[in-house]
Amino acid sequence: MINSYPFLQLDEVKVRNNIKKMAAKASGSGIKFRPHFKTHQSLEIGNWFREFPIDGITVSSLKMAKYFASDGWKSITVAFPFNILEIDELNELASGIDLRVLVVDSRSVKELDQSLTADVSVYIEIDPGYRRSGIHLNDTEQIDKLISAVNNAEKLTLHGFYSHAGHSYKCRSTSDLIEFSKSITDSLSMLKNKYDLPICFGDTPSCSVLKNFGGIDELSPGNFVFYDWIQTQIGSCDPEDIAIAMKCPVVAKYPSRNELLIHGGAVHFSKDYDLLKNREAYFGQVVENSVANWGKPVRECYLKSISQEHGIVKCSDDFFNDTETGDIITILPIHSCLTADLMGSYLTTDNVKITHLSEKRI
């Protein structure tokens with residue numbers, strides 16, 4: 001039974017369907033599937049992937065790798081540049097599983113090699129223009145140096161290149177997204193041809209819309225398991241593909257401005273936002289309530305502002321008049337990865353609790 005609000009509701013049918021579609025796309029393209037588990041961070045949801053051909057999984061931290069290794073996952077990529085301060089944790093994990101890490105400079109390669117007690121595979125992280133981390137895909141001088149450093153190491157094996165095109169989130173139509181993603185995969189394919197090394201690639205927008213991945217060898221998207229409201233604006237999915245939604249109680253009404261106060265703020269949704277046509281920020285999209293889960297987006301109804309615990313929902317006249325204090329409203333998050341991490345657990349549409357790694361932080 002539900003005993004507290006707000007909570008994060010999960011539609012298992014939608015989740016499983018999203019997994020099935022992405023796994024089928026990878027398989028049909030002859031590409032290895034190494035899905036990123038940073039979005040759901042759940043052992044139970046992770047197990048829903050096992051019925052499909054999975055080459056291994058991807059995570060964003062050693063803590064996350066340890067969590068999933070404890071449930072029997074034997075090949076795990078940590079998609080974050082290696083941090084020498086975590087060498088003890090890395091050695092412990094590498095002694096029992098096929099652990100793969102990212103490297104971005106020769107110095108870290110030398111430090112890693114000198115500190116390892118077990119063999120480890122590495123990807124060289126390639127920046128496709130995102131400007132977050134990695135070596136730019138056109139900087140062949142630095143790529144050459146890093147390849148040489150890895151090949152000269154005693155305990156490291158070069159597995160290939162890893163690339164995340166996170167700037168795909170700036171696209172705002174399917175056609176723009178396809179054009180953007182194809183240019184990235186074409187460039188990465190040229191890199192593969194030059195160095196004859198496998199390439200792992202996988203932002204959710206690109207993986208959702210592309211039908212031809214060129215020379216890509218492995219796909220590692222993560223957000224697709226749930227999707228979220230921003231993905232509908234990018235062109236990655238339809239609203240009915242979104243598999244999680246926040247259920248928030250209305251605690252006050254403000255008739256003079258057609259706004260509702262809800263319990264649901266930054267500590268629940270995160271501070272991630274999208275922009276309205278007038279360029280004002282908003283933090284979630286209101287959808288219809290339904291007996292099973294939730295319905296279609298409600299026009300002119302959105303999460304206008306958030307502070308720590310408070311949320312202000314801007315409403316249409318009809319929605320405001322039909323909603324009373326004590327009602328529960330449903331809001332699709334802008335960014336499901338951060339919302340899931342903040343909420344720490346899920347409640348399925350069948351009223352079953354599913355745990356999340358962040359619950360173990362308490």
# chains A, B, ... in the order shown; residues from 1 in each chain; ligands from 1
>>> residues_around(residues="Pro297 in chain A", least_positions_apart="3", cutoff="9 Å", atoms="only C-alpha atoms", output="list in words")
Pro239, Gln285, Val286, Val287, Glu288, Cys301, Ile331 and Leu332 of chain A
>>> closest_atom_pairs(of="range 252-356 of chain A", to="range 219-236 of chain A", cutoff="7 Å", atoms="only C-alpha atoms", output="Markdown table")
| residue | atom | partner | partner_atom | distance |
| --- | --- | --- | --- | --- |
| A:Asp274 | CA | A:Ile230 | CA | 6.9 |
| A:Gln285 | CA | A:Trp229 | CA | 7.0 |
| A:Leu332 | CA | A:Trp229 | CA | 6.0 |
| A:Pro333 | CA | A:Asp228 | CA | 6.0 |
| A:Ile334 | CA | A:Trp229 | CA | 4.9 |
| A:His335 | CA | A:Asp228 | CA | 5.8 |
| A:Ser336 | CA | A:Asp228 | CA | 5.4 |
| A:Cys337 | CA | A:Asn223 | CA | 6.6 |
>>> write_last_selection(atoms="C-alpha atoms", output="PDB file, in the first residue's frame")
ATOM      1  CA  ASP A 274      13.235  22.511 -20.486  1.00  0.00           C
ATOM      2  CA  GLN A 285       4.767  18.067 -17.742  1.00  0.00           C
ATOM      3  CA  LEU A 332       6.359  13.455 -16.200  1.00  0.00           C
ATOM      4  CA  PRO A 333       9.922  14.394 -15.188  1.00  0.00           C
ATOM      5  CA  ILE A 334      12.198  16.357 -17.479  1.00  0.00           C
ATOM      6  CA  HIS A 335      15.126  14.015 -16.747  1.00  0.00           C
ATOM      7  CA  SER A 336      14.263  10.518 -15.541  1.00  0.00           C
ATOM      8  CA  CYS A 337      17.852   9.590 -14.587  1.00  0.00           C
TER       9      CYS A 337
END
>>> atom_distance(atom1="CA of Glu92 in chain A", atom2="CA of Val59 in chain A")
16.6 Å
>>> select_by_dssp(residues="range 276-340 of chain A", states="strand (DSSP E)", output="ChimeraX atom specification")
/A:281-282,284-289,294-306,310-314,328-333
>>> atom_distance(atom1="CA of His40 in chain A", atom2="CA of Ile199 in chain A")
24.1 Å
>>> residues_around(residues="range 311-327 of chain A", least_positions_apart="4", cutoff="8 Å", atoms="only C-alpha atoms", output="list in words")
Pro249, Val250, Val251, Ala252, Lys253, Asn258, Glu259, Leu260, Leu261, Ile262, His263, Gly264, Gly265, Arg299, Glu300, Cys301, Tyr302, Leu303, Lys304, Ser305, Ile306 and Ser307 of chain A
>>> select_by_dssp(residues="range 152-223 of chain A", states="helix (DSSP H, G or I)", output="VMD selection string")
chain A and resid 152 166 to 170 174 to 195 204 to 209 223
>>> write_last_selection(atoms="N, CA and C atoms", output="mmCIF file, in the first residue's frame")
data_model
loop_
_atom_site.group_PDB
_atom_site.id
_atom_site.type_symbol
_atom_site.label_atom_id
_atom_site.label_comp_id
_atom_site.auth_asym_id
_atom_site.auth_seq_id
_atom_site.Cartn_x
_atom_site.Cartn_y
_atom_site.Cartn_z
ATOM 1 N N ASN A 152 51.839 -0.114 -24.335
ATOM 2 C CA ASN A 152 53.094 -0.336 -23.619
ATOM 3 C C ASN A 152 52.884 -0.711 -22.150
ATOM 4 N N GLY A 166 26.476 13.494 -25.916
ATOM 5 C CA GLY A 166 25.453 14.085 -25.056
ATOM 6 C C GLY A 166 24.870 15.373 -25.590
ATOM 7 N N HIS A 167 25.559 16.010 -26.529
ATOM 8 C CA HIS A 167 25.017 17.252 -27.096
ATOM 9 C C HIS A 167 23.870 16.982 -28.061
ATOM 10 N N SER A 168 23.521 15.715 -28.268
ATOM 11 C CA SER A 168 22.316 15.391 -29.040
ATOM 12 C C SER A 168 21.064 15.929 -28.342
ATOM 13 N N TYR A 169 21.180 16.197 -27.042
ATOM 14 C CA TYR A 169 20.039 16.703 -26.279
ATOM 15 C C TYR A 169 19.650 18.125 -26.676
ATOM 16 N N LYS A 170 20.485 18.756 -27.488
ATOM 17 C CA LYS A 170 20.143 20.094 -27.971
ATOM 18 C C LYS A 170 19.216 20.050 -29.182
ATOM 19 N N THR A 174 12.992 15.178 -34.814
ATOM 20 C CA THR A 174 13.546 13.902 -35.239
ATOM 21 C C THR A 174 14.479 14.077 -36.434
ATOM 22 N N SER A 175 14.094 14.934 -37.374
ATOM 23 C CA SER A 175 14.934 15.134 -38.560
ATOM 24 C C SER A 175 16.283 15.739 -38.183
ATOM 25 N N ASP A 176 16.284 16.736 -37.285
ATOM 26 C CA ASP A 176 17.543 17.327 -36.835
ATOM 27 C C ASP A 176 18.382 16.299 -36.089
ATOM 28 N N LEU A 177 17.719 15.486 -35.303
ATOM 29 C CA LEU A 177 18.411 14.467 -34.520
ATOM 30 C C LEU A 177 19.068 13.430 -35.420
ATOM 31 N N ILE A 178 18.369 13.000 -36.448
ATOM 32 C CA ILE A 178 18.933 12.019 -37.380
ATOM 33 C C ILE A 178 20.145 12.603 -38.083
ATOM 34 N N GLU A 179 20.035 13.849 -38.557
ATOM 35 C CA GLU A 179 21.158 14.489 -39.245
ATOM 36 C C GLU A 179 22.357 14.626 -38.312
ATOM 37 N N PHE A 180 22.096 15.064 -37.078
ATOM 38 C CA PHE A 180 23.164 15.214 -36.081
ATOM 39 C C PHE A 180 23.837 13.877 -35.788
ATOM 40 N N SER A 181 23.029 12.863 -35.495
ATOM 41 C CA SER A 181 23.565 11.566 -35.078
ATOM 42 C C SER A 181 24.351 10.893 -36.188
ATOM 43 N N LYS A 182 23.861 11.017 -37.427
ATOM 44 C CA LYS A 182 24.564 10.397 -38.552
ATOM 45 C C LYS A 182 25.940 11.024 -38.749
ATOM 46 N N SER A 183 26.030 12.331 -38.544
ATOM 47 C CA SER A 183 27.329 12.980 -38.712
ATOM 48 C C SER A 183 28.327 12.470 -37.675
ATOM 49 N N ILE A 184 27.832 12.193 -36.463
ATOM 50 C CA ILE A 184 28.706 11.679 -35.413
ATOM 51 C C ILE A 184 29.142 10.254 -35.722
ATOM 52 N N THR A 185 28.199 9.385 -36.077
ATOM 53 C CA THR A 185 28.564 7.988 -36.354
ATOM 54 C C THR A 185 29.452 7.885 -37.591
ATOM 55 N N ASP A 186 29.253 8.770 -38.562
ATOM 56 C CA ASP A 186 30.141 8.779 -39.737
ATOM 57 C C ASP A 186 31.574 9.122 -39.328
ATOM 58 N N SER A 187 31.720 10.106 -38.453
ATOM 59 C CA SER A 187 33.050 10.508 -37.999
ATOM 60 C C SER A 187 33.706 9.405 -37.177
ATOM 61 N N LEU A 188 32.926 8.762 -36.323
ATOM 62 C CA LEU A 188 33.462 7.666 -35.515
ATOM 63 C C LEU A 188 33.831 6.471 -36.387
ATOM 64 N N SER A 189 33.063 6.240 -37.439
ATOM 65 C CA SER A 189 33.384 5.152 -38.363
ATOM 66 C C SER A 189 34.721 5.405 -39.059
ATOM 67 N N MET A 190 34.995 6.666 -39.390
ATOM 68 C CA MET A 190 36.282 7.012 -39.992
ATOM 69 C C MET A 190 37.418 6.759 -39.010
ATOM 70 N N LEU A 191 37.161 7.049 -37.726
ATOM 71 C CA LEU A 191 38.160 6.795 -36.691
ATOM 72 C C LEU A 191 38.432 5.296 -36.570
ATOM 73 N N LYS A 192 37.372 4.515 -36.637
ATOM 74 C CA LYS A 192 37.538 3.059 -36.586
ATOM 75 C C LYS A 192 38.368 2.561 -37.769
ATOM 76 N N ASN A 193 38.095 3.067 -38.945
ATOM 77 C CA ASN A 193 38.835 2.645 -40.141
ATOM 78 C C ASN A 193 40.315 2.999 -40.029
ATOM 79 N N LYS A 194 40.628 4.129 -39.403
ATOM 80 C CA LYS A 194 42.023 4.558 -39.261
ATOM 81 C C LYS A 194 42.789 3.682 -38.283
ATOM 82 N N TYR A 195 42.133 3.317 -37.165
ATOM 83 C CA TYR A 195 42.858 2.614 -36.106
ATOM 84 C C TYR A 195 42.492 1.131 -35.985
ATOM 85 N N THR A 204 20.988 8.049 -25.802
ATOM 86 C CA THR A 204 19.627 7.569 -26.085
ATOM 87 C C THR A 204 18.996 8.218 -27.308
ATOM 88 N N PRO A 205 19.098 9.550 -27.508
ATOM 89 C CA PRO A 205 18.476 10.115 -28.709
ATOM 90 C C PRO A 205 18.981 9.488 -30.000
ATOM 91 N N SER A 206 20.302 9.379 -30.146
ATOM 92 C CA SER A 206 20.866 8.798 -31.368
ATOM 93 C C SER A 206 20.445 7.346 -31.543
ATOM 94 N N CYS A 207 20.539 6.570 -30.470
ATOM 95 C CA CYS A 207 20.194 5.149 -30.560
ATOM 96 C C CYS A 207 18.712 4.937 -30.839
ATOM 97 N N SER A 208 17.893 5.892 -30.458
ATOM 98 C CA SER A 208 16.444 5.758 -30.662
ATOM 99 C C SER A 208 16.034 6.013 -32.099
ATOM 100 N N VAL A 209 16.744 6.901 -32.801
ATOM 101 C CA VAL A 209 16.281 7.309 -34.133
ATOM 102 C C VAL A 209 17.078 6.724 -35.298
ATOM 103 N N ASN A 223 19.092 6.082 -20.892
ATOM 104 C CA ASN A 223 17.819 6.735 -20.578
ATOM 105 C C ASN A 223 16.619 6.058 -21.232
#
>>> atom_distance(atom1="CA of Leu116 in chain A", atom2="CA of Ile87 in chain A")
7.4 Å
>>> closest_residue(among="A:Asn83, A:Ser148, A:Ser115, A:Ser163", to="Ile135 in chain A", atoms="only C-alpha atoms")
A:Ser163
